[in-house]
>>> print(open('input02.cif').read())   # mmCIF, C-alpha atoms
data_my_file
#
loop_
_atom_site.group_PDB
_atom_site.id
_atom_site.type_symbol
_atom_site.label_atom_id
_atom_site.label_comp_id
_atom_site.auth_asym_id
_atom_site.auth_seq_id
_atom_site.Cartn_x
_atom_site.Cartn_y
_atom_site.Cartn_z
ATOM 1 C CA MET A 49 15.190 -79.106 -42.071
ATOM 2 C CA THR A 50 15.073 -75.360 -42.505
ATOM 3 C CA ARG A 51 11.831 -73.525 -42.971
ATOM 4 C CA ALA A 52 11.632 -70.447 -45.111
ATOM 5 C CA PRO A 53 10.594 -67.450 -43.015
ATOM 6 C CA SER A 54 7.044 -66.521 -43.856
ATOM 7 C CA ASN A 55 5.470 -63.125 -43.934
ATOM 8 C CA THR A 56 1.822 -62.093 -44.086
ATOM 9 C CA SER A 57 0.159 -58.714 -44.114
ATOM 10 C CA VAL A 58 -3.530 -58.356 -43.274
ATOM 11 C CA ALA A 59 -5.407 -55.081 -43.753
ATOM 12 C CA ILE A 60 -7.707 -54.140 -40.870
ATOM 13 C CA HIS A 61 -10.748 -52.230 -42.103
ATOM 14 C CA ASP A 62 -13.730 -53.947 -40.500
ATOM 15 C CA GLU A 63 -14.747 -56.679 -38.056
ATOM 16 C CA PHE A 64 -14.217 -59.435 -40.617
ATOM 17 C CA ASP A 65 -10.562 -58.430 -40.670
ATOM 18 C CA ILE A 66 -10.255 -59.150 -36.932
ATOM 19 C CA VAL A 67 -11.196 -62.732 -37.835
ATOM 20 C CA HIS A 68 -8.716 -62.690 -40.745
ATOM 21 C CA VAL A 69 -5.939 -61.539 -38.395
ATOM 22 C CA ARG A 70 -6.795 -64.325 -35.937
ATOM 23 C CA HIS A 71 -6.562 -66.891 -38.735
ATOM 24 C CA ALA A 72 -3.226 -65.518 -39.957
ATOM 25 C CA ALA A 73 -1.887 -65.596 -36.378
ATOM 26 C CA ARG A 74 -3.077 -69.184 -35.946
ATOM 27 C CA GLN A 75 -1.360 -70.141 -39.195
ATOM 28 C CA ALA A 76 1.908 -68.524 -38.085
ATOM 29 C CA ALA A 77 1.737 -70.160 -34.643
ATOM 30 C CA THR A 78 1.195 -73.566 -36.250
ATOM 31 C CA THR A 79 4.035 -73.010 -38.704
ATOM 32 C CA ALA A 80 6.344 -72.022 -35.835
ATOM 33 C CA GLY A 81 5.474 -75.222 -33.971
ATOM 34 C CA PHE A 82 3.866 -73.541 -30.966
ATOM 35 C CA THR A 83 2.141 -75.597 -28.292
ATOM 36 C CA LEU A 84 -1.651 -75.363 -28.131
ATOM 37 C CA VAL A 85 -1.510 -72.962 -25.175
ATOM 38 C CA GLN A 86 1.032 -70.747 -26.948
ATOM 39 C CA GLN A 87 -1.119 -70.765 -30.098
ATOM 40 C CA THR A 88 -4.141 -69.765 -28.062
ATOM 41 C CA LYS A 89 -2.242 -66.934 -26.358
ATOM 42 C CA LEU A 90 -0.856 -65.634 -29.644
ATOM 43 C CA VAL A 91 -4.225 -65.703 -31.422
ATOM 44 C CA THR A 92 -5.937 -64.038 -28.449
ATOM 45 C CA ALA A 93 -3.294 -61.282 -28.352
ATOM 46 C CA ALA A 94 -3.737 -60.826 -32.116
ATOM 47 C CA SER A 95 -7.495 -60.489 -31.640
ATOM 48 C CA GLU A 96 -7.066 -57.827 -28.935
ATOM 49 C CA LEU A 97 -4.554 -55.794 -30.930
ATOM 50 C CA ALA A 98 -6.509 -56.051 -34.188
ATOM 51 C CA ARG A 99 -9.631 -54.803 -32.416
ATOM 52 C CA ASN A 100 -7.639 -51.934 -30.876
ATOM 53 C CA ALA A 101 -6.317 -50.937 -34.295
ATOM 54 C CA LEU A 102 -9.866 -50.975 -35.672
ATOM 55 C CA VAL A 103 -11.760 -49.359 -32.802
ATOM 56 C CA TYR A 104 -9.214 -46.794 -31.602
ATOM 57 C CA GLY A 105 -7.010 -46.424 -34.660
ATOM 58 C CA GLY A 106 -9.755 -46.415 -37.307
ATOM 59 C CA GLY A 107 -8.109 -49.379 -39.045
ATOM 60 C CA GLY A 108 -4.624 -50.241 -40.162
ATOM 61 C CA LYS A 109 -2.736 -53.422 -40.783
ATOM 62 C CA ALA A 110 -1.180 -56.430 -39.134
ATOM 63 C CA GLU A 111 2.135 -57.843 -40.321
ATOM 64 C CA ILE A 112 2.818 -61.347 -39.113
ATOM 65 C CA ALA A 113 6.147 -63.079 -39.611
ATOM 66 C CA VAL A 114 7.663 -66.396 -38.607
ATOM 67 C CA GLU A 115 11.406 -66.093 -37.992
ATOM 68 C CA ASP A 116 14.164 -68.530 -37.179
ATOM 69 C CA LEU A 117 16.408 -66.847 -34.633
ATOM 70 C CA GLY A 118 19.185 -68.964 -33.193
ATOM 71 C CA ALA A 119 17.720 -71.700 -31.058
ATOM 72 C CA ASN A 120 14.243 -70.194 -31.213
ATOM 73 C CA ARG A 121 11.455 -69.921 -33.688
ATOM 74 C CA THR A 122 9.612 -66.660 -33.244
ATOM 75 C CA VAL A 123 6.322 -65.206 -34.400
ATOM 76 C CA ARG A 124 6.490 -61.429 -34.704
ATOM 77 C CA MET A 125 3.300 -59.416 -35.120
ATOM 78 C CA ILE A 126 3.295 -55.696 -35.873
ATOM 79 C CA PHE A 127 0.028 -53.751 -35.707
ATOM 80 C CA THR A 128 0.031 -50.312 -37.263
ATOM 81 C CA ASP A 129 -2.754 -47.765 -37.398
ATOM 82 C CA ARG A 130 -2.906 -44.166 -38.498
ATOM 83 C CA GLY A 131 -5.378 -43.119 -35.834
ATOM 84 C CA PRO A 132 -5.166 -40.240 -33.355
ATOM 85 C CA GLY A 133 -2.318 -41.882 -31.429
ATOM 86 C CA ILE A 134 -1.983 -42.196 -27.682
ATOM 87 C CA THR A 135 -1.128 -39.196 -25.489
ATOM 88 C CA ASP A 136 -0.279 -41.097 -22.330
ATOM 89 C CA ILE A 137 1.056 -44.554 -23.180
ATOM 90 C CA GLU A 138 1.586 -45.490 -19.545
ATOM 91 C CA ALA A 139 -2.067 -44.784 -18.725
ATOM 92 C CA ALA A 140 -3.222 -46.655 -21.856
ATOM 93 C CA MET A 141 -1.262 -49.719 -20.774
ATOM 94 C CA ALA A 142 -2.960 -49.840 -17.371
ATOM 95 C CA ASP A 143 -5.737 -52.391 -16.939
ATOM 96 C CA GLY A 144 -9.157 -50.829 -17.021
ATOM 97 C CA PHE A 145 -8.069 -47.788 -19.028
ATOM 98 C CA THR A 146 -10.285 -47.270 -22.049
ATOM 99 C CA THR A 147 -11.509 -44.417 -24.183
ATOM 100 C CA GLY A 148 -13.938 -46.731 -25.945
ATOM 101 C CA SER A 149 -16.441 -49.402 -25.038
ATOM 102 C CA GLY A 150 -13.895 -52.118 -24.300
ATOM 103 C CA LEU A 151 -12.704 -53.598 -21.059
ATOM 104 C CA GLY A 152 -9.415 -51.769 -21.219
ATOM 105 C CA LEU A 153 -7.501 -55.042 -21.248
ATOM 106 C CA GLY A 154 -6.315 -54.974 -24.847
ATOM 107 C CA LEU A 155 -2.823 -53.483 -24.512
ATOM 108 C CA GLY A 156 -1.995 -54.690 -21.004
ATOM 109 C CA GLY A 157 -3.470 -58.112 -21.752
ATOM 110 C CA ALA A 158 -1.545 -58.486 -25.014
ATOM 111 C CA LYS A 159 1.650 -57.504 -23.177
ATOM 112 C CA ARG A 160 1.067 -60.204 -20.559
ATOM 113 C CA LEU A 161 0.376 -62.835 -23.218
ATOM 114 C CA ALA A 162 3.480 -62.035 -25.281
ATOM 115 C CA ASP A 163 7.176 -62.659 -24.611
ATOM 116 C CA GLN A 164 8.159 -59.210 -25.835
ATOM 117 C CA PHE A 165 6.054 -56.101 -26.290
ATOM 118 C CA ARG A 166 6.857 -52.717 -27.803
ATOM 119 C CA ILE A 167 4.576 -49.748 -28.390
ATOM 120 C CA GLU A 168 5.224 -46.527 -30.238
ATOM 121 C CA SER A 169 2.680 -43.785 -30.435
ATOM 122 C CA ALA A 170 2.346 -40.025 -30.437
ATOM 123 C CA PRO A 171 -0.672 -37.766 -30.811
ATOM 124 C CA GLY A 172 -1.569 -37.411 -34.481
ATOM 125 C CA ARG A 173 0.958 -40.018 -35.574
ATOM 126 C CA GLY A 174 -0.884 -43.291 -35.081
ATOM 127 C CA THR A 175 0.148 -46.272 -33.043
ATOM 128 C CA THR A 176 2.444 -49.229 -33.662
ATOM 129 C CA VAL A 177 2.415 -52.248 -31.385
ATOM 130 C CA GLU A 178 4.889 -55.070 -31.866
ATOM 131 C CA ILE A 179 4.811 -58.352 -29.985
ATOM 132 C CA THR A 180 6.818 -61.518 -30.280
ATOM 133 C CA MET A 181 6.383 -64.994 -28.938
ATOM 134 C CA SER A 182 8.998 -67.720 -29.266
ATOM 135 C CA VAL A 183 9.368 -71.436 -28.948
ATOM 136 C CA ARG A 184 12.616 -73.380 -28.771
ATOM 137 C CA ARG A 185 13.326 -74.761 -32.190
ATOM 138 C CA ASN A 186 13.563 -78.372 -31.102
ATOM 139 C CA ALA A 187 10.428 -78.138 -28.956
ATOM 140 C CA GLY A 188 8.070 -77.975 -31.903
ATOM 141 C CA PRO A 189 6.582 -80.957 -33.697
ATOM 142 C CA MET Q 91 -23.427 -63.360 -40.804
ATOM 143 C CA PRO Q 92 -23.472 -66.267 -38.364
ATOM 144 C CA SER Q 93 -26.244 -66.392 -35.818
ATOM 145 C CA VAL Q 94 -26.436 -68.397 -32.631
ATOM 146 C CA PRO Q 95 -29.342 -70.854 -32.256
ATOM 147 C CA ILE Q 96 -31.167 -70.816 -28.926
ATOM 148 C CA VAL Q 97 -33.121 -73.923 -27.878
ATOM 149 C CA ASN Q 98 -35.583 -74.028 -24.974
ATOM 150 C CA LEU Q 99 -35.165 -77.231 -22.910
ATOM 151 C CA ASN Q 100 -37.881 -77.230 -20.241
ATOM 152 C CA GLY Q 101 -37.107 -73.772 -18.923
ATOM 153 C CA VAL Q 102 -33.389 -73.766 -19.695
ATOM 154 C CA LEU Q 103 -32.195 -71.946 -22.796
ATOM 155 C CA LEU Q 104 -29.462 -74.002 -24.421
ATOM 156 C CA VAL Q 105 -27.144 -71.952 -26.575
ATOM 157 C CA THR Q 106 -24.479 -73.703 -28.599
ATOM 158 C CA ILE Q 107 -21.991 -71.384 -30.186
ATOM 159 C CA GLN Q 108 -21.230 -73.097 -33.478
ATOM 160 C CA GLU Q 109 -18.484 -71.017 -34.999
ATOM 161 C CA GLU Q 110 -16.192 -68.106 -34.418
ATOM 162 C CA LEU Q 111 -18.324 -64.970 -34.054
ATOM 163 C CA LEU Q 112 -17.910 -61.417 -35.262
ATOM 164 C CA ASP Q 113 -18.157 -58.723 -32.582
ATOM 165 C CA GLN Q 114 -21.426 -57.567 -34.146
ATOM 166 C CA SER Q 115 -22.882 -61.100 -33.937
ATOM 167 C CA VAL Q 116 -21.795 -61.314 -30.304
ATOM 168 C CA SER Q 117 -23.698 -58.125 -29.491
ATOM 169 C CA GLU Q 118 -26.786 -59.286 -31.388
ATOM 170 C CA PHE Q 119 -26.650 -62.604 -29.596
ATOM 171 C CA GLU Q 120 -26.572 -60.836 -26.220
ATOM 172 C CA SER Q 121 -29.736 -58.833 -26.889
ATOM 173 C CA GLU Q 122 -31.566 -61.739 -28.559
ATOM 174 C CA LEU Q 123 -30.801 -64.032 -25.642
ATOM 175 C CA THR Q 124 -31.847 -61.448 -23.078
ATOM 176 C CA GLU Q 125 -35.223 -60.981 -24.804
ATOM 177 C CA LYS Q 126 -35.703 -64.712 -25.024
ATOM 178 C CA VAL Q 127 -35.106 -65.126 -21.288
ATOM 179 C CA VAL Q 128 -38.000 -62.744 -20.659
ATOM 180 C CA ASP Q 129 -40.265 -64.253 -23.340
ATOM 181 C CA THR Q 130 -39.792 -67.841 -22.148
ATOM 182 C CA ARG Q 131 -39.487 -67.063 -18.422
ATOM 183 C CA ALA Q 132 -36.434 -69.322 -18.440
ATOM 184 C CA ARG Q 133 -34.857 -70.190 -15.109
ATOM 185 C CA GLY Q 134 -31.460 -70.824 -16.635
ATOM 186 C CA VAL Q 135 -29.201 -70.252 -19.624
ATOM 187 C CA LEU Q 136 -26.554 -72.707 -20.724
ATOM 188 C CA ILE Q 137 -23.922 -71.380 -23.115
ATOM 189 C CA ASP Q 138 -21.756 -74.051 -24.747
ATOM 190 C CA VAL Q 139 -18.426 -72.556 -25.823
ATOM 191 C CA SER Q 140 -16.622 -75.842 -26.471
ATOM 192 C CA VAL Q 141 -16.201 -75.113 -30.188
ATOM 193 C CA LEU Q 142 -14.289 -71.873 -29.570
ATOM 194 C CA ASP Q 143 -10.504 -72.076 -29.785
ATOM 195 C CA ILE Q 144 -10.111 -68.585 -28.392
ATOM 196 C CA ILE Q 145 -12.195 -66.283 -26.187
ATOM 197 C CA ASP Q 146 -10.902 -62.730 -26.236
ATOM 198 C CA SER Q 147 -11.769 -59.886 -23.864
ATOM 199 C CA PHE Q 148 -14.745 -58.753 -25.956
ATOM 200 C CA LEU Q 149 -16.494 -62.128 -25.912
ATOM 201 C CA ALA Q 150 -15.504 -62.745 -22.283
ATOM 202 C CA ARG Q 151 -17.039 -59.438 -21.262
ATOM 203 C CA THR Q 152 -20.218 -60.318 -23.154
ATOM 204 C CA LEU Q 153 -20.492 -63.697 -21.397
ATOM 205 C CA HIS Q 154 -20.002 -61.947 -18.074
ATOM 206 C CA ASP Q 155 -22.635 -59.306 -18.959
ATOM 207 C CA ILE Q 156 -25.138 -61.959 -20.062
ATOM 208 C CA ALA Q 157 -24.736 -63.694 -16.695
ATOM 209 C CA ALA Q 158 -25.248 -60.401 -14.840
ATOM 210 C CA ILE Q 159 -28.289 -59.415 -16.936
ATOM 211 C CA THR Q 160 -30.008 -62.794 -16.686
ATOM 212 C CA SER Q 161 -29.472 -62.892 -12.936
ATOM 213 C CA LEU Q 162 -31.439 -59.644 -12.707
ATOM 214 C CA MET Q 163 -34.193 -61.510 -14.539
ATOM 215 C CA ALA Q 164 -34.182 -64.481 -12.171
ATOM 216 C CA ALA Q 165 -32.294 -66.775 -14.539
ATOM 217 C CA ARG Q 166 -28.846 -68.245 -13.898
ATOM 218 C CA THR Q 167 -26.265 -68.533 -16.656
ATOM 219 C CA VAL Q 168 -23.748 -71.359 -16.859
ATOM 220 C CA VAL Q 169 -20.898 -71.357 -19.383
ATOM 221 C CA VAL Q 170 -19.932 -74.893 -20.346
ATOM 222 C CA GLY Q 171 -17.110 -76.606 -22.161
ATOM 223 C CA MET Q 172 -14.376 -73.985 -22.017
ATOM 224 C CA ARG Q 173 -11.170 -75.480 -23.376
ATOM 225 C CA PRO Q 174 -8.176 -75.594 -20.994
ATOM 226 C CA ALA Q 175 -5.952 -73.468 -23.263
ATOM 227 C CA VAL Q 176 -8.725 -70.871 -23.450
ATOM 228 C CA ALA Q 177 -9.061 -70.762 -19.657
ATOM 229 C CA ILE Q 178 -5.286 -70.415 -19.200
ATOM 230 C CA THR Q 179 -5.200 -67.565 -21.711
ATOM 231 C CA LEU Q 180 -8.145 -65.729 -20.155
ATOM 232 C CA VAL Q 181 -6.517 -65.756 -16.735
ATOM 233 C CA GLU Q 182 -3.238 -64.447 -18.169
ATOM 234 C CA LEU Q 183 -5.165 -61.784 -20.011
ATOM 235 C CA GLY Q 184 -6.475 -60.669 -16.634
ATOM 236 C CA LEU Q 185 -9.997 -62.040 -17.004
ATOM 237 C CA THR Q 186 -10.782 -64.397 -14.159
ATOM 238 C CA LEU Q 187 -14.516 -63.722 -14.582
ATOM 239 C CA PRO Q 188 -15.467 -63.989 -10.916
ATOM 240 C CA GLY Q 189 -19.070 -64.933 -10.359
ATOM 241 C CA LEU Q 190 -19.467 -66.662 -13.721
ATOM 242 C CA LEU Q 191 -20.898 -70.144 -13.219
ATOM 243 C CA THR Q 192 -19.163 -72.806 -15.275
ATOM 244 C CA ALA Q 193 -19.469 -76.517 -15.898
ATOM 245 C CA LEU Q 194 -17.344 -78.949 -17.867
ATOM 246 C CA SER Q 195 -20.196 -80.445 -19.882
ATOM 247 C CA VAL Q 196 -23.743 -79.630 -20.938
ATOM 248 C CA GLU Q 197 -24.988 -82.463 -18.719
ATOM 249 C CA GLU Q 198 -23.283 -81.049 -15.617
ATOM 250 C CA GLY Q 199 -24.459 -77.575 -16.538
ATOM 251 C CA LEU Q 200 -28.058 -78.783 -16.760
ATOM 252 C CA ALA Q 201 -27.676 -80.410 -13.339
ATOM 253 C CA LEU Q 202 -26.608 -77.026 -11.910
ATOM 254 C CA LEU Q 203 -29.756 -75.481 -13.354
ATOM 255 C CA ALA Q 204 -32.148 -78.205 -12.216
ATOM 256 C CA PRO Q 205 -35.337 -76.822 -10.642
ATOM 257 C CA PRO Q 206 -35.322 -76.835 -6.838
ATOM 258 C CA PRO Q 207 -36.704 -80.130 -5.477
ATOM 259 C CA GLY Q 208 -39.588 -80.459 -3.039
ATOM 260 C CA PRO Q 209 -42.943 -78.743 -2.689
ATOM 261 C CA ALA Q 210 -42.144 -75.879 -5.026
ATOM 262 C CA ARG Q 211 -41.844 -78.308 -7.922
ATOM 263 C CA THR Q 212 -45.072 -80.144 -7.094
ATOM 264 C CA ALA Q 213 -46.895 -76.843 -6.784
ATOM 265 C CA LEU Q 214 -45.823 -75.932 -10.310
ATOM 266 C CA ARG Q 215 -47.407 -79.029 -11.821
#
>>> encode(input="input02.cif", output="structure tokens")
Amino acid sequence: MTRAPSNTSVAIHDEFDIVHVRHAARQAATTAGFTLVQQTKLVTAASELARNALVYGGGGKAEIAVEDLGANRTVRMIFTDRGPGITDIEAAMADGFTTGSGLGLGLGGAKRLADQFRIESAPGRGTTVEITMSVRRNAGP
Amino acid sequence: MPSVPIVNLNGVLLVTIQEELLDQSVSEFESELTEKVVDTRARGVLIDVSVLDIIDSFLARTLHDIAAITSLMAARTVVVGMRPAVAITLVELGLTLPGLLTALSVEEGLALLAPPPGPARTALR
């Protein structure tokens, strides 16, 4: 059975949208056939990155896609904001680094939870964070 | 906006989180609970998180802060019912929450918060 790749975009403007992003991530993880622990990791990473986009980026969007890639089924999440951007990405990735009221675990934590992590940012040009998490195609239900 | 009911059970405030919370509700819950600890002179707080399918760094920090604040007010906080997948994720996220008291069920949590036995208890009655 082949599943059509699915694609969702969620705007991030307020706290309710963090919840919307979590729900969309949960939906994608279920569709991809993730285990419960993988689902929990994906949704938690989505929550961290959505909050980052809202609090530090002044809002943006999350694009969530389920992809069939070879032997794996992958959930790809791309968070984009048009905020002030990050001057020192390496420092921002370090645990405990925060310019806001958070714990400073958002970026580093999301990176640890994901299989792949990519960040692009420059001062004045916003921030894009992309993470993927995969499950072997025949491992799902 | 969802709120979190707080029930006083003989000096222990029982808090059952009933649905996924907004960050704002989490912050409101923290201040409401803190005030209630003072008002009721509670010796313990039991927070049941068994309904939550994720706990992210914001909520985890709040739980940790509540425990720290209540301990300054002579009340111990126990978090009960954390799901295994949630615990695994929190540790990978980097949040081991040292010092946070936990129990697997409300019953075991209440046992942890039982008043000290002996003369102190008799004197209170």
>>> resolve_selection(input="input02.cif", expression="the PyMOL selection byres ((chain A) within 6 of (chain Q))", output="compact mmCIF listing (two decimals) with C-alpha atoms, in the coordinates of the input")
# COMPACT_ATOMS: atom_id res chain seq x y z
CA VAL A 85 -1.51 -72.96 -25.18
CA LYS A 89 -2.24 -66.93 -26.36
CA THR A 92 -5.94 -64.04 -28.45
CA GLY A 157 -3.47 -58.11 -21.75
>>> residues_near_point(input="input02.cif", point="(-8.6, -57.6, -38.8)", cutoff="9 Å", atoms="all atoms listed in the file", output="ChimeraX atom specification")
/A:58-70,94-95,98-99,101-102,107-110
>>> resolve_selection(input="input02.cif", expression="the PyMOL selection byres ((chain Q and resi 202) around 10)", output="list in words")
Gly134, Leu136, Arg166, Thr167, Val168, Leu191, Thr192, Ala193, Val196, Glu197, Glu198, Gly199, Leu200, Ala201, Leu203, Ala204 and Pro205 of chain Q
>>> write_last_selection(input="input02.cif", atoms="C-alpha atoms", output="tab-separated table (two decimals), in the coordinates of the input")
chain	number	residue	atom	x	y	z
Q	134	GLY	CA	-31.46	-70.82	-16.64
Q	136	LEU	CA	-26.55	-72.71	-20.72
Q	166	ARG	CA	-28.85	-68.24	-13.90
Q	167	THR	CA	-26.26	-68.53	-16.66
Q	168	VAL	CA	-23.75	-71.36	-16.86
Q	191	LEU	CA	-20.90	-70.14	-13.22
Q	192	THR	CA	-19.16	-72.81	-15.28
Q	193	ALA	CA	-19.47	-76.52	-15.90
Q	196	VAL	CA	-23.74	-79.63	-20.94
Q	197	GLU	CA	-24.99	-82.46	-18.72
Q	198	GLU	CA	-23.28	-81.05	-15.62
Q	199	GLY	CA	-24.46	-77.58	-16.54
Q	200	LEU	CA	-28.06	-78.78	-16.76
Q	201	ALA	CA	-27.68	-80.41	-13.34
Q	203	LEU	CA	-29.76	-75.48	-13.35
Q	204	ALA	CA	-32.15	-78.20	-12.22
Q	205	PRO	CA	-35.34	-76.82	-10.64
>>> residues_near_point(input="input02.cif", point="(11.5, -66.1, -29.8)", cutoff="6 Å", atoms="all atoms listed in the file", output="number ranges by chain")
A: 120-122, 181-183
>>> residues_around(input="input02.cif", residues="Leu190 in chain Q", least_positions_apart="5", cutoff="9 Å", atoms="all atoms listed in the file", output="ChimeraX atom specification")
/Q:153-154,157-158,167-169
>>> write_last_selection(input="input02.cif", atoms="C-alpha atoms", output="PDB file, in the frame of the given file")
ATOM      1  CA  LEU Q 153     -20.492 -63.697 -21.397  1.00  0.00           C
ATOM      2  CA  HIS Q 154     -20.002 -61.947 -18.074  1.00  0.00           C
ATOM      3  CA  ALA Q 157     -24.736 -63.694 -16.695  1.00  0.00           C
ATOM      4  CA  ALA Q 158     -25.248 -60.401 -14.840  1.00  0.00           C
ATOM      5  CA  THR Q 167     -26.265 -68.533 -16.656  1.00  0.00           C
ATOM      6  CA  VAL Q 168     -23.748 -71.359 -16.859  1.00  0.00           C
ATOM      7  CA  VAL Q 169     -20.898 -71.357 -19.383  1.00  0.00           C
TER       8      VAL Q 169
END
>>> resolve_selection(input="input02.cif", expression="the PyMOL selection byres ((chain A and resi 180) around 8)", output="list in words")
Thr122, Val123, Arg124, Met125, Ala162, Asp163, Gln164, Phe165, Glu178, Ile179, Met181 and Ser182 of chain A
